[in-house]
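Colleague: Provided below: my_file.cif, containing mmCIF, C-alpha atoms (C1' of nucleotides).
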```cif
data_upload
#
loop_
_atom_site.label_atom_id
_atom_site.label_comp_id
_atom_site.auth_asym_id
_atom_site.auth_seq_id
_atom_site.Cartn_x
_atom_site.Cartn_y
_atom_site.Cartn_z
CA MET A 12 -34.45 16.44 -28.37
CA LYS A 13 -33.60 14.21 -31.29
CA LYS A 14 -33.06 10.51 -30.70
CA ALA A 15 -29.50 10.68 -31.97
CA GLU A 16 -28.72 13.47 -29.55
CA ILE A 17 -30.09 11.40 -26.71
CA THR A 18 -27.83 8.52 -27.67
CA ARG A 19 -24.87 10.81 -27.71
CA LEU A 20 -25.72 12.35 -24.36
CA THR A 21 -26.35 8.94 -22.81
CA ILE A 22 -22.90 7.83 -23.87
CA LEU A 23 -21.32 10.95 -22.40
CA GLU A 24 -23.17 10.73 -19.11
CA GLN A 25 -22.69 7.04 -18.49
CA ALA A 26 -19.09 7.17 -19.64
CA PHE A 27 -18.53 10.05 -17.25
CA ASP A 28 -19.87 7.95 -14.40
CA LEU A 29 -17.55 5.08 -15.24
CA ILE A 30 -14.53 7.30 -15.74
CA TYR A 31 -15.21 9.30 -12.60
CA THR A 32 -15.47 6.16 -10.52
CA LYS A 33 -12.87 3.95 -12.20
CA GLY A 34 -10.53 6.23 -14.09
CA TYR A 35 -10.20 6.90 -17.81
CA GLN A 36 -7.83 4.15 -18.76
CA THR A 37 -9.57 1.43 -16.79
CA THR A 38 -12.83 2.30 -18.48
CA SER A 39 -12.91 0.41 -21.76
CA ILE A 40 -15.18 1.22 -24.65
CA ASP A 41 -16.80 -2.17 -24.14
CA ASP A 42 -17.55 -1.14 -20.55
CA ILE A 43 -19.32 1.92 -21.85
CA LEU A 44 -21.25 -0.07 -24.44
CA ALA A 45 -22.34 -2.58 -21.81
CA LYS A 46 -23.60 0.16 -19.50
CA THR A 47 -25.33 2.26 -22.14
CA LYS A 48 -26.60 -0.66 -24.21
CA VAL A 49 -25.38 1.20 -27.24
CA THR A 50 -23.59 -0.71 -29.98
CA LYS A 51 -20.10 -0.07 -31.21
CA GLY A 52 -21.43 1.18 -34.50
CA ALA A 53 -23.44 3.85 -32.73
CA PHE A 54 -20.54 4.81 -30.52
CA TYR A 55 -18.15 5.33 -33.39
CA TYR A 56 -20.80 7.14 -35.34
CA HIS A 57 -20.90 9.82 -32.63
CA PHE A 58 -17.22 9.89 -31.70
CA LYS A 59 -14.11 9.53 -33.83
CA ASN A 60 -12.32 7.70 -31.03
CA LYS A 61 -12.16 7.28 -27.27
CA ASP A 62 -10.15 10.44 -26.64
CA GLU A 63 -12.59 12.60 -28.58
CA MET A 64 -15.32 11.29 -26.30
CA GLY A 65 -13.15 12.06 -23.27
CA ILE A 66 -12.64 15.64 -24.39
CA ALA A 67 -16.38 15.96 -25.06
CA ILE A 68 -17.07 14.84 -21.50
CA ILE A 69 -14.85 17.59 -20.17
CA GLN A 70 -16.30 20.23 -22.45
CA GLU A 71 -19.94 19.30 -22.24
CA LEU A 72 -20.37 17.86 -18.75
CA ILE A 73 -17.52 18.87 -16.46
CA LYS A 74 -17.15 22.42 -17.76
CA PRO A 75 -20.77 23.52 -17.20
CA ASN A 76 -20.70 22.17 -13.65
CA PHE A 77 -17.39 23.85 -13.11
CA GLU A 78 -18.77 27.17 -14.36
CA HIS A 79 -21.72 26.89 -12.03
CA TYR A 80 -19.86 26.05 -8.85
CA PHE A 81 -16.48 27.67 -9.35
CA ILE A 82 -16.95 30.65 -11.62
CA LYS A 83 -20.44 32.03 -11.21
CA PRO A 84 -20.18 32.59 -7.43
CA LEU A 85 -17.01 34.61 -7.91
CA LEU A 86 -18.77 37.20 -10.02
CA GLN A 87 -21.24 38.21 -7.31
CA GLU A 88 -21.17 41.64 -5.78
CA LYS A 89 -20.30 40.65 -2.22
CA ASP A 90 -17.20 40.80 -0.13
CA PRO A 91 -14.58 38.32 -1.40
CA SER A 92 -14.00 36.42 1.83
CA THR A 93 -17.71 35.58 2.05
CA ILE A 94 -17.80 34.67 -1.61
CA LEU A 95 -14.70 32.50 -1.39
CA TYR A 96 -15.85 30.65 1.68
CA GLN A 97 -19.26 30.08 0.15
CA MET A 98 -17.77 28.84 -3.09
CA MET A 99 -15.52 26.36 -1.34
CA HIS A 100 -18.26 25.24 1.01
CA ASP A 101 -20.76 24.63 -1.77
CA ALA A 102 -18.21 23.02 -4.05
CA LEU A 103 -17.27 20.53 -1.35
CA LEU A 104 -20.59 19.90 0.33
CA LYS A 105 -23.42 20.99 -1.96
CA ASN A 106 -22.34 19.71 -5.34
CA GLU A 107 -24.21 16.44 -5.90
CA PHE A 108 -22.33 16.01 -9.14
CA LEU A 109 -19.19 15.29 -7.12
CA LYS A 110 -18.71 12.46 -4.63
CA VAL A 111 -16.11 12.49 -1.89
CA GLU A 112 -14.90 8.95 -2.56
CA TYR A 113 -14.12 9.72 -6.18
CA GLY A 114 -12.47 13.10 -5.73
CA CYS A 115 -12.58 15.87 -8.31
CA PRO A 116 -13.13 14.67 -11.90
CA ALA A 117 -10.99 17.40 -13.40
CA SER A 118 -8.19 16.82 -10.94
CA ASN A 119 -8.39 13.05 -11.45
CA LEU A 120 -8.09 13.47 -15.17
CA THR A 121 -5.21 15.90 -14.83
CA THR A 122 -3.23 13.48 -12.73
CA GLU A 123 -4.02 10.52 -14.93
CA MET A 124 -3.56 12.09 -18.34
CA ALA A 125 -1.09 14.95 -17.93
CA PRO A 126 2.05 12.89 -18.52
CA TRP A 127 1.03 11.40 -21.85
CA ASN A 128 -1.98 13.14 -23.33
CA THR A 129 -1.58 16.78 -24.30
CA ASN A 130 -5.12 17.18 -25.61
CA PHE A 131 -6.69 16.46 -22.26
CA THR A 132 -4.15 18.56 -20.44
CA LYS A 133 -4.80 21.53 -22.69
CA VAL A 134 -8.53 21.56 -22.03
CA LEU A 135 -8.07 20.98 -18.30
CA ASN A 136 -5.47 23.70 -18.16
CA GLU A 137 -7.96 26.13 -19.64
CA LEU A 138 -10.40 25.39 -16.84
CA ALA A 139 -7.73 25.85 -14.19
CA LEU A 140 -6.56 29.08 -15.74
CA LYS A 141 -10.06 30.47 -15.91
CA TRP A 142 -10.63 29.64 -12.27
CA LYS A 143 -7.39 31.33 -11.30
CA MET A 144 -8.23 34.43 -13.29
CA CYS A 145 -11.68 34.75 -11.78
CA LEU A 146 -10.29 34.26 -8.28
CA GLU A 147 -7.86 37.07 -8.94
CA ILE A 148 -10.55 39.34 -10.31
CA CYS A 149 -12.71 38.67 -7.29
CA LEU A 150 -9.84 39.53 -4.94
CA GLN A 151 -8.91 42.61 -6.94
CA LYS A 152 -12.43 43.96 -6.71
CA GLY A 153 -12.25 43.37 -2.97
CA ILE A 154 -9.08 45.41 -2.76
CA GLU A 155 -10.65 48.27 -4.64
CA GLN A 156 -13.60 48.24 -2.27
CA ASN A 157 -11.33 48.16 0.78
CA LEU A 158 -12.66 44.75 1.77
CA ILE A 159 -9.32 43.06 1.16
CA ARG A 160 -5.87 44.19 2.22
CA LYS A 161 -4.02 46.15 -0.42
CA ASP A 162 -0.72 44.36 0.14
CA ILE A 163 -1.78 40.87 -0.84
CA ASP A 164 -0.55 39.28 -4.04
CA THR A 165 -3.74 38.14 -5.76
CA GLU A 166 -1.95 35.53 -7.85
CA GLN A 167 -0.34 33.97 -4.80
CA VAL A 168 -3.64 33.84 -2.98
CA ALA A 169 -5.42 32.35 -5.97
CA ILE A 170 -2.79 29.64 -6.27
CA PHE A 171 -2.98 28.90 -2.56
CA ILE A 172 -6.76 28.54 -2.71
CA MET A 173 -6.68 26.32 -5.77
CA SER A 174 -4.11 23.97 -4.32
CA GLY A 175 -6.05 23.70 -1.10
CA TYR A 176 -9.14 22.66 -2.99
CA TRP A 177 -7.40 20.05 -5.11
CA GLY A 178 -5.55 18.68 -2.16
CA ILE A 179 -8.56 18.28 0.08
CA ARG A 180 -10.37 16.52 -2.74
CA ASN A 181 -7.52 14.08 -2.94
CA LEU A 182 -7.46 13.57 0.80
CA GLY A 183 -11.20 13.05 0.87
CA LYS A 184 -10.81 10.37 -1.74
CA LEU A 185 -8.15 8.65 0.30
CA VAL A 186 -10.03 8.58 3.58
CA ASN A 187 -13.50 8.50 2.01
CA SER A 188 -15.19 10.88 4.43
CA THR A 189 -16.48 14.43 4.34
CA LYS A 190 -15.08 14.97 7.82
CA VAL A 191 -11.84 16.20 6.29
CA TYR A 192 -13.83 18.65 4.17
CA LYS A 193 -15.27 20.21 7.28
CA ASP A 194 -11.91 20.39 9.01
CA TYR A 195 -10.46 21.93 5.90
CA LEU A 196 -13.20 24.55 5.69
CA LYS A 197 -12.53 25.71 9.25
CA GLN A 198 -8.89 26.41 8.48
CA PHE A 199 -9.79 27.89 5.14
CA GLU A 200 -12.01 30.35 6.96
CA ALA A 201 -9.14 31.28 9.25
CA TYR A 202 -6.89 31.77 6.26
CA LEU A 203 -9.45 33.99 4.53
CA ASN A 204 -9.54 36.26 7.58
CA LEU A 205 -5.87 36.93 6.94
CA LEU A 206 -6.80 38.65 3.73
CA LYS A 207 -9.05 41.23 5.34
CA MET B 9 25.17 -6.67 -2.96
CA LYS B 10 24.20 -9.91 -4.62
CA LYS B 11 23.58 -9.95 -8.35
CA ALA B 12 19.98 -11.04 -7.91
CA GLU B 13 19.35 -8.14 -5.55
CA ILE B 14 20.76 -5.75 -8.13
CA THR B 15 18.38 -7.12 -10.75
CA ARG B 16 15.46 -6.65 -8.40
CA LEU B 17 16.47 -3.12 -7.47
CA THR B 18 17.06 -2.20 -11.10
CA ILE B 19 13.54 -3.30 -11.94
CA LEU B 20 12.10 -1.28 -9.05
CA GLU B 21 14.03 1.86 -9.89
CA GLN B 22 13.44 1.86 -13.61
CA ALA B 23 9.82 0.89 -13.19
CA PHE B 24 9.42 3.74 -10.74
CA ASP B 25 10.78 6.16 -13.32
CA LEU B 26 8.35 4.93 -15.93
CA ILE B 27 5.36 4.91 -13.58
CA TYR B 28 6.20 8.31 -12.16
CA THR B 29 6.42 9.84 -15.60
CA LYS B 30 3.70 7.88 -17.42
CA GLY B 31 1.39 6.48 -14.79
CA TYR B 32 0.98 2.94 -13.51
CA GLN B 33 -1.50 1.64 -16.01
CA THR B 34 0.18 3.05 -19.07
CA THR B 35 3.43 1.43 -18.02
CA SER B 36 3.33 -2.12 -19.33
CA ILE B 37 5.55 -4.91 -18.11
CA ASP B 38 7.07 -5.04 -21.57
CA ASP B 39 7.96 -1.36 -21.19
CA ILE B 40 9.80 -2.18 -17.99
CA LEU B 41 11.58 -5.13 -19.58
CA ALA B 42 12.66 -3.00 -22.52
CA LYS B 43 14.10 -0.32 -20.25
CA THR B 44 15.82 -2.62 -17.79
CA LYS B 45 16.91 -5.22 -20.35
CA VAL B 46 15.66 -7.83 -17.95
CA THR B 47 13.73 -10.81 -19.32
CA LYS B 48 10.22 -11.76 -18.40
CA GLY B 49 11.47 -14.84 -16.63
CA ALA B 50 13.65 -12.74 -14.36
CA PHE B 51 10.85 -10.29 -13.71
CA TYR B 52 8.39 -12.92 -12.65
CA TYR B 53 11.02 -14.64 -10.59
CA HIS B 54 11.31 -11.54 -8.43
CA PHE B 55 7.66 -10.47 -8.42
CA LYS B 56 4.51 -12.54 -8.33
CA ASN B 57 2.73 -10.01 -10.57
CA LYS B 58 2.66 -6.38 -11.61
CA ASP B 59 0.79 -5.18 -8.55
CA GLU B 60 3.23 -6.80 -6.16
CA MET B 61 5.97 -4.86 -7.89
CA GLY B 62 3.93 -1.68 -7.59
CA ILE B 63 3.52 -2.17 -3.86
CA ALA B 64 7.24 -2.90 -3.55
CA ILE B 65 8.01 0.40 -5.26
CA ILE B 66 5.92 2.24 -2.71
CA GLN B 67 7.38 0.39 0.25
CA GLU B 68 10.99 0.31 -0.82
CA LEU B 69 11.48 3.49 -2.83
CA ILE B 70 8.74 5.99 -2.13
CA LYS B 71 8.43 5.33 1.59
CA PRO B 72 12.11 5.93 2.48
CA ASN B 73 12.09 9.20 0.56
CA PHE B 74 8.86 10.13 2.23
CA GLU B 75 10.30 9.39 5.68
CA HIS B 76 13.32 11.52 4.92
CA TYR B 77 11.51 14.60 3.62
CA PHE B 78 8.19 14.50 5.40
CA ILE B 79 8.68 12.72 8.70
CA LYS B 80 12.23 13.24 9.92
CA PRO B 81 12.08 17.07 9.83
CA LEU B 82 8.97 17.02 11.99
CA LEU B 83 10.75 15.31 14.84
CA GLN B 84 13.33 18.08 15.31
CA GLU B 85 13.42 20.15 18.47
CA LYS B 86 12.64 23.51 16.93
CA ASP B 87 9.58 25.69 16.80
CA PRO B 88 6.84 24.15 14.64
CA SER B 89 6.29 27.02 12.26
CA THR B 90 9.97 26.99 11.30
CA ILE B 91 9.94 23.23 10.98
CA LEU B 92 6.79 23.18 8.90
CA TYR B 93 7.94 25.87 6.53
CA GLN B 94 11.30 24.17 6.13
CA MET B 95 9.67 20.81 5.49
CA MET B 96 7.40 22.22 2.82
CA HIS B 97 10.17 24.25 1.24
CA ASP B 98 12.56 21.32 1.03
CA ALA B 99 9.89 18.88 -0.11
CA LEU B 100 8.95 21.18 -2.97
CA LEU B 101 12.31 22.62 -3.97
CA LYS B 102 15.10 20.45 -2.60
CA ASN B 103 13.88 16.94 -3.27
CA GLU B 104 15.64 15.80 -6.46
CA PHE B 105 13.65 12.60 -6.30
CA LEU B 106 10.54 14.57 -7.26
CA LYS B 107 10.03 16.57 -10.44
CA VAL B 108 7.53 19.37 -10.81
CA GLU B 109 6.18 18.17 -14.16
CA TYR B 110 5.31 14.74 -12.79
CA GLY B 111 3.78 15.79 -9.48
CA CYS B 112 3.92 13.72 -6.32
CA PRO B 113 4.32 9.96 -6.93
CA ALA B 114 2.24 9.00 -3.92
CA SER B 115 -0.51 11.42 -4.83
CA ASN B 116 -0.44 10.30 -8.46
CA LEU B 117 -0.84 6.68 -7.44
CA THR B 118 -3.61 7.53 -5.00
CA THR B 119 -5.61 9.26 -7.68
CA GLU B 120 -4.99 6.58 -10.25
CA MET B 121 -5.49 3.48 -8.11
CA ALA B 122 -7.85 4.43 -5.29
CA PRO B 123 -11.06 3.65 -7.16
CA TRP B 124 -10.18 0.08 -8.11
CA ASN B 125 -7.18 -1.21 -6.22
CA THR B 126 -7.50 -1.54 -2.46
CA ASN B 127 -3.97 -2.88 -1.93
CA PHE B 128 -2.35 0.24 -3.26
CA THR B 129 -4.75 2.47 -1.40
CA LYS B 130 -4.05 0.72 1.89
CA VAL B 131 -0.31 1.26 1.69
CA LEU B 132 -0.69 4.85 0.51
CA ASN B 133 -3.19 5.53 3.25
CA GLU B 134 -0.67 4.38 5.82
CA LEU B 135 1.82 6.94 4.55
CA ALA B 136 -0.75 9.71 4.64
CA LEU B 137 -1.86 8.75 8.13
CA LYS B 138 1.68 8.69 9.42
CA TRP B 139 2.33 12.13 7.99
CA LYS B 140 -0.82 13.46 9.58
CA MET B 141 0.05 11.99 12.95
CA CYS B 142 3.54 13.42 12.91
CA LEU B 143 2.24 16.83 11.89
CA GLU B 144 -0.11 16.74 14.84
CA ILE B 145 2.62 15.65 17.24
CA CYS B 146 4.83 18.45 16.01
CA LEU B 147 2.07 20.99 16.57
CA GLN B 148 1.18 19.56 19.96
CA LYS B 149 4.74 19.90 21.15
CA GLY B 150 4.65 23.50 19.97
CA ILE B 151 1.55 24.13 22.02
CA GLU B 152 3.16 22.70 25.12
CA GLN B 153 6.18 24.94 24.62
CA ASN B 154 4.00 27.98 24.09
CA LEU B 155 5.23 28.37 20.53
CA ILE B 156 1.82 27.61 19.04
CA ARG B 157 -1.57 28.97 20.10
CA LYS B 158 -3.42 26.73 22.50
CA ASP B 159 -6.75 27.08 20.75
CA ILE B 160 -5.84 25.52 17.42
CA ASP B 161 -7.19 22.14 16.41
CA THR B 162 -4.10 20.15 15.48
CA GLU B 163 -6.02 17.72 13.29
CA GLN B 164 -7.61 20.54 11.32
CA VAL B 165 -4.27 22.20 10.78
CA ALA B 166 -2.63 18.94 9.76
CA ILE B 167 -5.34 18.31 7.22
CA PHE B 168 -5.07 21.83 5.86
CA ILE B 169 -1.33 21.50 5.43
CA MET B 170 -1.56 18.12 3.74
CA SER B 171 -4.14 19.24 1.27
CA GLY B 172 -2.15 22.31 0.41
CA TYR B 173 0.86 20.17 -0.39
CA TRP B 174 -1.02 17.72 -2.58
CA GLY B 175 -2.83 20.48 -4.35
CA ILE B 176 0.22 22.51 -5.20
CA ARG B 177 1.90 19.37 -6.53
CA ASN B 178 -1.03 18.88 -8.82
CA LEU B 179 -1.01 22.47 -9.93
CA GLY B 180 2.73 22.33 -10.55
CA LYS B 181 2.17 19.34 -12.76
CA LEU B 182 -0.50 21.16 -14.71
CA VAL B 183 1.47 24.33 -15.37
CA ASN B 184 4.89 22.64 -15.30
CA SER B 185 6.73 25.35 -13.40
CA THR B 186 8.12 25.81 -9.92
CA LYS B 187 6.85 29.38 -9.92
CA VAL B 188 3.61 28.18 -8.36
CA TYR B 189 5.61 26.42 -5.66
CA LYS B 190 7.21 29.70 -4.67
CA ASP B 191 3.90 31.54 -4.67
CA TYR B 192 2.39 28.79 -2.61
CA LEU B 193 5.22 28.91 -0.06
CA LYS B 194 4.68 32.61 0.51
CA GLN B 195 1.06 32.12 1.43
CA PHE B 196 1.90 29.02 3.42
CA GLU B 197 4.25 31.15 5.48
CA ALA B 198 1.48 33.65 6.11
CA TYR B 199 -0.84 30.87 7.14
CA LEU B 200 1.74 29.44 9.55
CA ASN B 201 1.99 32.80 11.29
CA LEU B 202 -1.66 32.41 12.14
CA LEU B 203 -0.77 29.49 14.36
CA LYS B 204 1.62 31.45 16.57
"C1'" DT C 14 -43.47 7.69 -51.57
"C1'" DA C 15 -38.94 7.05 -53.43
"C1'" DA C 16 -34.30 8.33 -52.80
"C1'" DA C 17 -30.81 9.99 -49.88
"C1'" DA C 18 -28.70 10.65 -45.75
"C1'" DA C 19 -28.34 9.72 -40.92
"C1'" DA C 20 -28.07 6.49 -37.26
"C1'" DA C 21 -27.18 2.18 -35.58
"C1'" DA C 22 -26.13 -2.96 -35.72
"C1'" DT C 23 -22.89 -6.80 -36.59
"C1'" DA C 24 -18.86 -9.05 -37.41
"C1'" DC C 25 -14.30 -8.82 -37.53
"C1'" DC C 26 -9.16 -7.61 -36.59
"C1'" DA C 27 -4.35 -6.55 -35.34
"C1'" DA C 28 -1.89 -5.17 -31.43
"C1'" DT C 29 -1.07 -5.22 -26.73
"C1'" DT C 30 -1.87 -6.84 -22.23
"C1'" DG C 31 -0.50 -9.56 -17.92
"C1'" DG C 32 0.78 -13.96 -17.09
"C1'" DT C 33 2.46 -19.09 -17.59
"C1'" DA C 34 5.13 -23.25 -18.83
"C1'" DT C 35 9.26 -24.99 -19.55
"C1'" DG C 36 13.95 -25.01 -20.35
"C1'" DT C 37 18.79 -23.53 -19.17
"C1'" DA C 38 22.61 -21.28 -16.90
"C1'" DA C 39 24.72 -19.75 -12.62
"C1'" DT C 40 25.66 -20.32 -7.90
"C1'" DA C 41 25.61 -22.32 -3.45
"C1'" DT C 42 26.11 -26.47 -0.52
"C1'" DG C 43 27.30 -30.91 1.24
"C1'" DC D 7 32.69 -32.71 -7.71
"C1'" DA D 8 27.78 -33.97 -7.61
"C1'" DT D 9 23.51 -32.12 -6.60
"C1'" DA D 10 20.19 -28.92 -5.43
"C1'" DT D 11 18.55 -24.55 -5.50
"C1'" DT D 12 18.53 -20.00 -7.23
"C1'" DA D 13 18.30 -16.96 -10.99
"C1'" DC D 14 17.21 -16.05 -15.42
"C1'" DA D 15 15.82 -17.02 -20.63
"C1'" DT D 16 12.54 -18.24 -24.27
"C1'" DA D 17 8.43 -19.24 -26.28
"C1'" DC D 18 3.91 -19.15 -25.92
"C1'" DC D 19 -1.15 -17.93 -24.71
"C1'" DA D 20 -5.89 -16.35 -23.71
"C1'" DA D 21 -8.17 -12.20 -22.90
"C1'" DT D 22 -8.83 -7.56 -23.71
"C1'" DT D 23 -7.97 -3.43 -26.08
"C1'" DG D 24 -9.31 0.42 -29.42
"C1'" DG D 25 -10.73 0.57 -33.84
"C1'" DT D 26 -12.63 -0.66 -38.81
"C1'" DA D 27 -15.49 -2.43 -42.65
"C1'" DT D 28 -19.79 -3.59 -44.01
"C1'" DT D 29 -24.55 -4.11 -43.69
"C1'" DT D 30 -29.05 -2.87 -42.00
"C1'" DT D 31 -32.46 0.09 -40.15
"C1'" DT D 32 -34.41 4.51 -39.31
"C1'" DT D 33 -35.29 9.16 -40.39
"C1'" DT D 34 -35.28 13.13 -43.34
"C1'" DT D 35 -36.05 15.40 -47.62
"C1'" DA D 36 -37.42 16.27 -52.33
#
```
Can you present the structure in this file as structure tokens?
Modeller:
Amino acid sequence: MKKAEITRLTILEQAFDLIYTKGYQTTSIDDILAKTKVTKGAFYYHFKNKDEMGIAIIQELIKPNFEHYFIKPLLQEKDPSTILYQMMHDALLKNEFLKVEYGCPASNLTTEMAPWNTNFTKVLNELALKWKMCLEICLQKGIEQNLIRKDIDTEQVAIFIMSGYWGIRNLGKLVNSTKVYKDYLKQFEAYLNLLK
Amino acid sequence: MKKAEITRLTILEQAFDLIYTKGYQTTSIDDILAKTKVTKGAFYYHFKNKDEMGIAIIQELIKPNFEHYFIKPLLQEKDPSTILYQMMHDALLKNEFLKVEYGCPASNLTTEMAPWNTNFTKVLNELALKWKMCLEICLQKGIEQNLIRKDIDTEQVAIFIMSGYWGIRNLGKLVNSTKVYKDYLKQFEAYLNLLK
DNA sequence: TAAAAAAAATACCAATTGGTATGTAATATG
DNA sequence: CATATTACATACCAATTGGTATTTTTTTTA
């Protein structure tokens, strides 16, 4: 790996940490420079401006993690309710990338940026849409294999699952404890049984 | 109503609008002054600083609305599943205070402020806790009246309901359409039937 | 190894931020 | 009606913000 690439990646990773813990707007470029020990010249050599860096963080750090924990599991050849429970369980309790006290990075950014920054929202929307689509595909396959009831509306179910995830992340952040995750998972399991 | 009180309330209401639509940090005091046509002297006569105003908005504007839509319905003498569905339905579709494209003000503030402002988080946490408690009380009464299964864990259910609400607010904000609210409500109804 | 291009360092800047100091008008009170 | 207090107005400020211009160092390439 080239030295320049390392610099760039360092900026992205450390900036992600700051933004994830403090929020995008409260993280100043000077904060990032102080943490990375990179100079302003180097920073602006790699990124046109702060927002471009923010988008790069989503694309190059958040997205891969998202693919791993939220998309890949859905493509397995197992029965959907097992898959969905496993996905939720691992996303909440096995993902060391995410910390309960800081919530979900993508959800945080959505809330913070949606009202005034369309670039961020566009990228985040793509992630959400992909997740929804894959959830639906997973459910549809289940229907075809008689593992899921035929009369469910896959879009409705996908939306219900997504909102549950985002919400519990937010609640976890508020109370700062994984206890709520575990409570949530129990009810999620009960809900999934409805689909069979 | 005294003139000074009107000034104060104007600031709170207009500032709420700005913060709800743009976020707390992106709303500057000068923004608020421009919108309200109040001078800086007047502003700082009524509020010690920006954060004190923020807290006042939660206590004096958000909280009453919250009590009306999220607490009061729960105290009715009806069967819980009807109450809960009605509460969710009205909160999402009947509350003109809240707009789909801007999400839930309390949830927005939680996400934005939690990592770095303990004052805000404390007040918001109180709201969340009260909601949870009242949800549990509502369910407990249902159990005693044989309207709700005895074997449910009221805390778990309360947590599941809360996260669903927050999540769907976030999703609504992302896609900017009440369609997801309606989809969500359908599945919420199905989930509530599980409790009977 | 010299020139060119890439990468990084340094110094600077205008705009905005939340907040203060001080002055003045309006209102209440005795 | 005099005085005190409340309510608001104006002008100012230090700190921070994202960003730029310029120079220097490092690396690549011919």
Colleague: Nearest to chain D among A:Glu24, A:Asp42, A:Glu147, A:Asp162, with distances taken over all atoms listed in the file: which residue is it?
Modeller: A:Asp42
Colleague: I need the output of the PyMOL selection byres ((chain D) within 9 of (chain B)) for this file as a PyMOL selection string; which residues are they?
Modeller: chain D and resi 13-16
Colleague: May I ask which of the residues B:Phe55, B:Tyr28, B:Tyr173, B:Phe196 is the closest one to chain C, counting all atoms listed in the file?
Modeller: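 Of B:Phe55, B:Tyr28, B:Tyr173, B:Phe196, the one nearest chain C is B:Phe55, counting all atoms listed in the file.
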Colleague: Find the spatial neighbours of region 165-173 of chain A, counting only C-alpha atoms (C1' of nucleotides), within a cut-off of 10 Å - ignore same-chain residues fewer than 3 positions away - and output them as a PyMOL selection string.
Modeller: (chain A and resi 95+99+139+142-151+154+161-162+176-178+199+202-203+206) or (chain B and resi 172-173+175-176+178-179+187-196)
Colleague: Between CA of Leu120 (chain A) and CA of Tyr77 (chain B), what distance in Å does the model show, to one decimal?
Modeller: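 So the two atoms, CA of Leu120 (chain A) and CA of Tyr77 (chain B), lie 27.2 Å apart.
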Colleague: Evaluate the PyMOL selection byres ((chain C) within 8 of (chain B)) and record the selected residues as a list in words, following the chain and residue labels used in the document.
Modeller: DT30, DG31 and DG32 of chain C
Colleague: Given the file shown, enumerate the residues that the PyMOL selection byres ((chain B and resi 107) around 12) captures and present them as a PyMOL selection string.
Modeller: (chain A and resi 126) or (chain B and resi 25+28-29+99-106+108-113+177-178+180-181+184-186+189)
Colleague: Given the choices B:Gln67, B:Asn116, B:Asn201, B:Asn125, which gets closest to chain A if the distance is worked out from only C-alpha atoms?
Modeller: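 Of the candidates, the smallest distance to chain A is held by B:Asn116.
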